[in-house]
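Engineer: Have a look at the structure that comes next, please.
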Amino acid sequence: MIRRPPRSTLSSSSAASDVYKRQRQEAELEAHVKKVVKKCLQTWRNGKQPNFQQRVGSILREVLIDMEQERFDHANFEQQLVNDSHLSALSEFNAQYEPIGIPVNVPYTDDSLKNLIDSLNESSVHEIGTDAVLFGLGVYVKAYSHNVVSIWVYLVGLVSNDPRGRL
């Protein structure tokens with residue numbers, strides 16, 4: 001009878017623990033970024049609590065996952081693919097709303113949240129001139145080895161296509 005050497009459970013459980021830890025850190029950072037962006041959006045809109053469409057946020061997060069994968073695979077992404085991807089993903093809302101917004105990607109550094117907020121502010125999505133606007137917010141964080149982290153935020157304003165829905 002041939003005996004196999006015992007498996008090293010330490011390395012496999014350690015690897016699983018590292019994956020779980022990284023996923024937990026990604027989720028915590030995503031939640032923190034989402035909270036910061038929502039607070040900034042409220043400030044930019046003169047203290048008025050913005051209305052968020054949660055389904056749009058989920059769709060935008062999926063778009064961000066695809067964008068990160070494309071950037072990882074090809075070291076870049078094409079703007080037309082971004083436009084097509086988000087318009088296709090938001091197609092269920094196109095009859096009611098016109099989405100206005102852009103994705104922002106920053107590496108995680110000491111200044112990353114400031115740079116991210118500055119980029120979102122410069123996009124002027126928050127300046128949509130109606131109180132009837134809904135917002136969609138997608139956040140995605142992807143951690144890689146050697147403490148490399150990619151942070152994506154996609155903020156869109158959803159403006160009603162119905163002139164009666166605009167104030």
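Identifiers for the structure tokens are assigned positionally: chains receive A, B, ... in sequence, residues are indexed from 1 per chain, and ligands are indexed from 1 in the order shown.
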So that I can see what lies close to A:Leu90, please list as a ChimeraX atom specification the residues with an atom at most 8 Å from it, counting only C-alpha atoms and leaving out residues fewer than 5 positions away in the same chain.
Structural biologist: /A:56,59,99
Engineer: Can you pull out every residue within 10 Å of A:Ser58, counting only C-alpha atoms, but drop anything in the same chain fewer than 4 positions away, and send it as a ChimeraX atom specification?
Structural biologist: /A:53-54,62-64,136-139
Engineer: If we count only C-alpha atoms and set the cut-off at 9 Å, which residues sit around A:Leu116, ignoring sequence neighbours fewer than 2 positions away in its own chain? Please answer as a list in words.
Structural biologist: Val37, Val104, Asn105, Val106, Asp111, Ser112, Leu113, Lys114, Asp118, Ser119, Leu120, Asn121, Ile151, Trp152 and Val153 of chain A
Engineer: Could you dump the residues just selected with all heavy atoms as a short mmCIF file (atom, residue, chain, number, x, y, z; two decimals), in the first residue's frame?
Structural biologist:
```
data_model
loop_
_atom_site.label_atom_id
_atom_site.label_comp_id
_atom_site.auth_asym_id
_atom_site.auth_seq_id
_atom_site.Cartn_x
_atom_site.Cartn_y
_atom_site.Cartn_z
N VAL A 37 -19.48 59.31 -0.32
CA VAL A 37 -20.04 59.90 -1.53
C VAL A 37 -21.46 60.41 -1.28
O VAL A 37 -21.82 61.51 -1.69
CB VAL A 37 -20.00 58.91 -2.71
CG1 VAL A 37 -20.78 59.44 -3.91
CG2 VAL A 37 -18.55 58.60 -3.11
N VAL A 104 -15.73 56.79 -12.22
CA VAL A 104 -14.44 57.32 -11.78
C VAL A 104 -13.66 56.17 -11.16
O VAL A 104 -14.20 55.41 -10.36
CB VAL A 104 -14.63 58.46 -10.74
CG1 VAL A 104 -13.29 58.94 -10.22
CG2 VAL A 104 -15.41 59.62 -11.35
N ASN A 105 -12.39 56.07 -11.53
CA ASN A 105 -11.51 55.03 -11.00
C ASN A 105 -10.26 55.68 -10.43
O ASN A 105 -9.64 56.52 -11.08
CB ASN A 105 -11.14 54.05 -12.11
CG ASN A 105 -10.20 52.96 -11.64
OD1 ASN A 105 -9.16 52.73 -12.23
ND2 ASN A 105 -10.56 52.27 -10.58
N VAL A 106 -9.93 55.31 -9.19
CA VAL A 106 -8.69 55.78 -8.57
C VAL A 106 -8.02 54.62 -7.86
O VAL A 106 -8.69 53.71 -7.36
CB VAL A 106 -8.95 56.93 -7.54
CG1 VAL A 106 -9.50 58.17 -8.23
CG2 VAL A 106 -9.85 56.49 -6.42
N ASP A 111 -4.45 59.80 -0.53
CA ASP A 111 -5.27 60.87 -1.08
C ASP A 111 -6.41 60.37 -1.96
O ASP A 111 -7.09 61.17 -2.59
CB ASP A 111 -4.40 61.81 -1.92
CG ASP A 111 -3.37 62.54 -1.09
OD1 ASP A 111 -3.64 62.79 0.10
OD2 ASP A 111 -2.28 62.84 -1.62
N SER A 112 -6.63 59.06 -2.04
CA SER A 112 -7.56 58.53 -3.02
C SER A 112 -8.99 59.01 -2.81
O SER A 112 -9.67 59.36 -3.79
CB SER A 112 -7.52 57.00 -3.06
OG SER A 112 -7.80 56.46 -1.80
N LEU A 113 -9.46 59.09 -1.57
CA LEU A 113 -10.84 59.54 -1.37
C LEU A 113 -10.99 61.01 -1.75
O LEU A 113 -11.99 61.40 -2.36
CB LEU A 113 -11.31 59.31 0.06
CG LEU A 113 -11.69 57.88 0.39
CD1 LEU A 113 -12.16 57.76 1.83
CD2 LEU A 113 -12.74 57.35 -0.55
N LYS A 114 -10.01 61.82 -1.44
CA LYS A 114 -10.06 63.23 -1.83
C LYS A 114 -10.07 63.36 -3.35
O LYS A 114 -10.88 64.10 -3.91
CB LYS A 114 -8.87 64.00 -1.25
CG LYS A 114 -8.90 65.48 -1.61
CD LYS A 114 -7.64 66.19 -1.17
CE LYS A 114 -7.59 67.64 -1.53
NZ LYS A 114 -8.15 68.03 -2.78
N ASP A 118 -13.13 64.83 -5.53
CA ASP A 118 -12.87 65.95 -6.44
C ASP A 118 -13.32 65.61 -7.86
O ASP A 118 -13.94 66.44 -8.54
CB ASP A 118 -11.38 66.32 -6.45
CG ASP A 118 -10.93 67.00 -5.17
OD1 ASP A 118 -11.80 67.43 -4.38
OD2 ASP A 118 -9.70 67.10 -4.96
N SER A 119 -13.04 64.40 -8.32
CA SER A 119 -13.45 63.98 -9.67
C SER A 119 -14.96 63.93 -9.80
O SER A 119 -15.52 64.36 -10.82
CB SER A 119 -12.86 62.61 -10.02
OG SER A 119 -11.46 62.68 -10.10
N LEU A 120 -15.64 63.42 -8.79
CA LEU A 120 -17.10 63.37 -8.83
C LEU A 120 -17.69 64.78 -8.82
O LEU A 120 -18.65 65.06 -9.53
CB LEU A 120 -17.65 62.55 -7.65
CG LEU A 120 -17.40 61.05 -7.72
CD1 LEU A 120 -17.82 60.39 -6.42
CD2 LEU A 120 -18.13 60.43 -8.90
N ASN A 121 -17.11 65.66 -8.01
CA ASN A 121 -17.57 67.03 -7.95
C ASN A 121 -17.40 67.71 -9.32
O ASN A 121 -18.29 68.42 -9.79
CB ASN A 121 -16.82 67.80 -6.86
CG ASN A 121 -17.42 69.15 -6.57
OD1 ASN A 121 -18.35 69.59 -7.23
ND2 ASN A 121 -16.90 69.82 -5.58
N ILE A 151 -10.36 51.46 -6.78
CA ILE A 151 -11.66 51.93 -6.30
C ILE A 151 -12.41 52.55 -7.48
O ILE A 151 -11.91 53.44 -8.16
CB ILE A 151 -11.50 53.00 -5.20
CG1 ILE A 151 -10.71 52.44 -4.02
CG2 ILE A 151 -12.88 53.50 -4.74
CD1 ILE A 151 -10.38 53.48 -2.96
N TRP A 152 -13.63 52.07 -7.70
CA TRP A 152 -14.49 52.57 -8.76
C TRP A 152 -15.76 53.15 -8.12
O TRP A 152 -16.34 52.55 -7.22
CB TRP A 152 -14.93 51.46 -9.68
CG TRP A 152 -13.88 50.94 -10.61
CD1 TRP A 152 -12.98 49.94 -10.36
CD2 TRP A 152 -13.63 51.37 -11.94
NE1 TRP A 152 -12.19 49.73 -11.47
CE2 TRP A 152 -12.57 50.60 -12.45
CE3 TRP A 152 -14.20 52.35 -12.76
CZ2 TRP A 152 -12.08 50.76 -13.74
CZ3 TRP A 152 -13.72 52.51 -14.04
CH2 TRP A 152 -12.66 51.72 -14.52
N VAL A 153 -16.20 54.29 -8.65
CA VAL A 153 -17.48 54.86 -8.26
C VAL A 153 -18.18 55.31 -9.54
O VAL A 153 -17.56 55.96 -10.40
CB VAL A 153 -17.32 56.06 -7.30
CG1 VAL A 153 -18.65 56.74 -7.05
CG2 VAL A 153 -16.72 55.61 -5.99
#
```
Engineer: Kindly indicate which residue among A:Phe135, A:Tyr154, A:Tyr144, A:Tyr108 lies nearest to A:Arg45, using only C-alpha atoms for the distances.
Structural biologist: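 Checking each candidate against A:Arg45, we get A:Phe135 as the closest.
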Engineer: What is the atom CA of A:Trp44 to atom CA of A:Gln25 distance in Å?
Structural biologist: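 Atom CA of A:Gln25 lies 28.3 Å from atom CA of A:Trp44.
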Engineer: Can you list, as a list in words, every protein, DNA or RNA residue that comes within 12 Å of A:Asn46 when you count only C-alpha atoms, leaving out same-chain residues fewer than 6 positions away?
Structural biologist: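 Using only C-alpha atoms, the neighbours found are Lys39, Cys40, His126, Glu127 and Asp131 of chain A.
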Engineer: Could you save those same residues with N, CA and C atoms as a short mmCIF file (atom, residue, chain, number, x, y, z; two decimals), in the first residue's frame?
Structural biologist:
```cif
data_model
loop_
_atom_site.label_atom_id
_atom_site.label_comp_id
_atom_site.auth_asym_id
_atom_site.auth_seq_id
_atom_site.Cartn_x
_atom_site.Cartn_y
_atom_site.Cartn_z
N LYS A 39 -22.74 61.39 1.52
CA LYS A 39 -22.66 62.59 2.37
C LYS A 39 -22.22 63.80 1.55
N CYS A 40 -21.23 63.64 0.68
CA CYS A 40 -20.78 64.74 -0.18
C CYS A 40 -21.89 65.17 -1.12
N HIS A 126 -24.11 66.32 -9.64
CA HIS A 126 -24.91 66.84 -8.52
C HIS A 126 -25.62 68.16 -8.86
N GLU A 127 -25.24 68.80 -9.96
CA GLU A 127 -25.80 70.10 -10.32
C GLU A 127 -27.02 69.99 -11.24
N ASP A 131 -35.23 69.14 -8.56
CA ASP A 131 -35.32 68.36 -7.32
C ASP A 131 -35.90 66.98 -7.56
#
```
Engineer: Could you tell me how far atom CA of A:Gln69 lies from atom CA of A:Asn115, in Å and to one decimal?
Structural biologist: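 Interatomic distance, atom CA of A:Gln69 to atom CA of A:Asn115: 22.1 Å.
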Engineer: Quick one: of A:Tyr140, A:Pro107, A:Thr130, A:Ile65, who's nearest to A:Glu26, counting only C-alpha atoms?
Structural biologist: A:Tyr140
Engineer: With distances taken over only C-alpha atoms, which residue among A:Val141, A:Val148, A:Met67, A:Asp110 lies nearest A:His32?
Structural biologist: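 Closest to A:His32 of all the choices is A:Val141.
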Engineer: Please determine, counting only C-alpha atoms, which residue among A:Lys48, A:His74, A:Gln23, A:Ile117 has the shortest atom-to-atom distance to A:Val36.
Structural biologist: A:Ile117
Engineer: So which residues of stretch 94-151 of chain A fall under helix (DSSP H, G or I) by DSSP, listed as a list in words?
Structural biologist: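 Output for stretch 94-151 of chain A, helix (DSSP H, G or I) only: Ser112, Leu113, Lys114, Asn115, Leu116, Ile117, Asp118, Ser119, Leu120, Asn121, Glu122, Ser123, Val125, His126 and Glu127 of chain A.
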Engineer: Can you spit out the residues from that selection as a CSV table (one decimal), in the first residue's frame, using C-alpha atoms?
Structural biologist:
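Saved the output as result_29.csv:
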```csv
chain,number,residue,atom,x,y,z
A,112,SER,CA,-7.6,58.5,-3.0
A,113,LEU,CA,-10.8,59.5,-1.4
A,114,LYS,CA,-10.1,63.2,-1.8
A,115,ASN,CA,-9.2,62.6,-5.5
A,116,LEU,CA,-12.3,60.6,-6.0
A,117,ILE,CA,-14.6,63.2,-4.4
A,118,ASP,CA,-12.9,65.9,-6.4
A,119,SER,CA,-13.4,64.0,-9.7
A,120,LEU,CA,-17.1,63.4,-8.8
A,121,ASN,CA,-17.6,67.0,-8.0
A,122,GLU,CA,-16.0,68.1,-11.3
A,123,SER,CA,-18.4,65.8,-13.1
A,125,VAL,CA,-23.8,65.3,-11.8
A,126,HIS,CA,-24.9,66.8,-8.5
A,127,GLU,CA,-25.8,70.1,-10.3
```
Engineer: Once DSSP has gone over the backbone, tell me which residues of stretch 18-150 of chain A are in strand (DSSP E or B), as a PyMOL selection string.
Structural biologist: chain A and resi 51-52+97-107+134-143+149-150
Engineer: Only C-alpha atoms, please: the residues just picked out, written as an mmCIF file, in the first residue's frame.
Structural biologist:
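To be explicit, this is the file written out as result-v3.cif:
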```cif
data_model
loop_
_atom_site.group_PDB
_atom_site.id
_atom_site.type_symbol
_atom_site.label_atom_id
_atom_site.label_comp_id
_atom_site.auth_asym_id
_atom_site.auth_seq_id
_atom_site.Cartn_x
_atom_site.Cartn_y
_atom_site.Cartn_z
ATOM 1 C CA ASN A 51 -33.111 60.194 -3.470
ATOM 2 C CA PHE A 52 -31.304 57.037 -4.526
ATOM 3 C CA TYR A 97 -35.222 58.418 -17.270
ATOM 4 C CA GLU A 98 -32.188 59.840 -18.975
ATOM 5 C CA PRO A 99 -29.050 58.738 -17.076
ATOM 6 C CA ILE A 100 -26.349 61.401 -16.730
ATOM 7 C CA GLY A 101 -23.046 60.485 -15.125
ATOM 8 C CA ILE A 102 -19.590 59.006 -15.392
ATOM 9 C CA PRO A 103 -17.512 56.282 -13.772
ATOM 10 C CA VAL A 104 -14.441 57.324 -11.780
ATOM 11 C CA ASN A 105 -11.513 55.034 -10.996
ATOM 12 C CA VAL A 106 -8.695 55.783 -8.565
ATOM 13 C CA PRO A 107 -6.005 53.653 -6.969
ATOM 14 C CA LEU A 134 -33.009 60.349 -8.658
ATOM 15 C CA PHE A 135 -29.442 59.182 -8.192
ATOM 16 C CA GLY A 136 -27.799 55.861 -8.794
ATOM 17 C CA LEU A 137 -24.561 55.063 -7.001
ATOM 18 C CA GLY A 138 -22.422 52.054 -7.763
ATOM 19 C CA VAL A 139 -19.208 51.372 -5.842
ATOM 20 C CA TYR A 140 -16.734 48.578 -6.494
ATOM 21 C CA VAL A 141 -13.421 47.901 -4.785
ATOM 22 C CA LYS A 142 -10.973 45.302 -6.075
ATOM 23 C CA ALA A 143 -7.899 44.391 -4.052
ATOM 24 C CA VAL A 149 -6.467 48.420 -4.582
ATOM 25 C CA SER A 150 -8.660 49.810 -7.340
#
```
Engineer: Between A:Leu60, A:Thr109, A:Arg71, A:Ser145, which has the minimum distance to A:Gly157 (counting only C-alpha atoms)?
Structural biologist: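 Checking each candidate against A:Gly157, we get A:Leu60 as the closest.
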Engineer: Just give me the gap between atom CA of A:Arg55 and atom CA of A:Phe93 in Å, one decimal is fine.
Structural biologist: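 About the pair atom CA of A:Arg55 and atom CA of A:Phe93: they are 10.0 Å apart.
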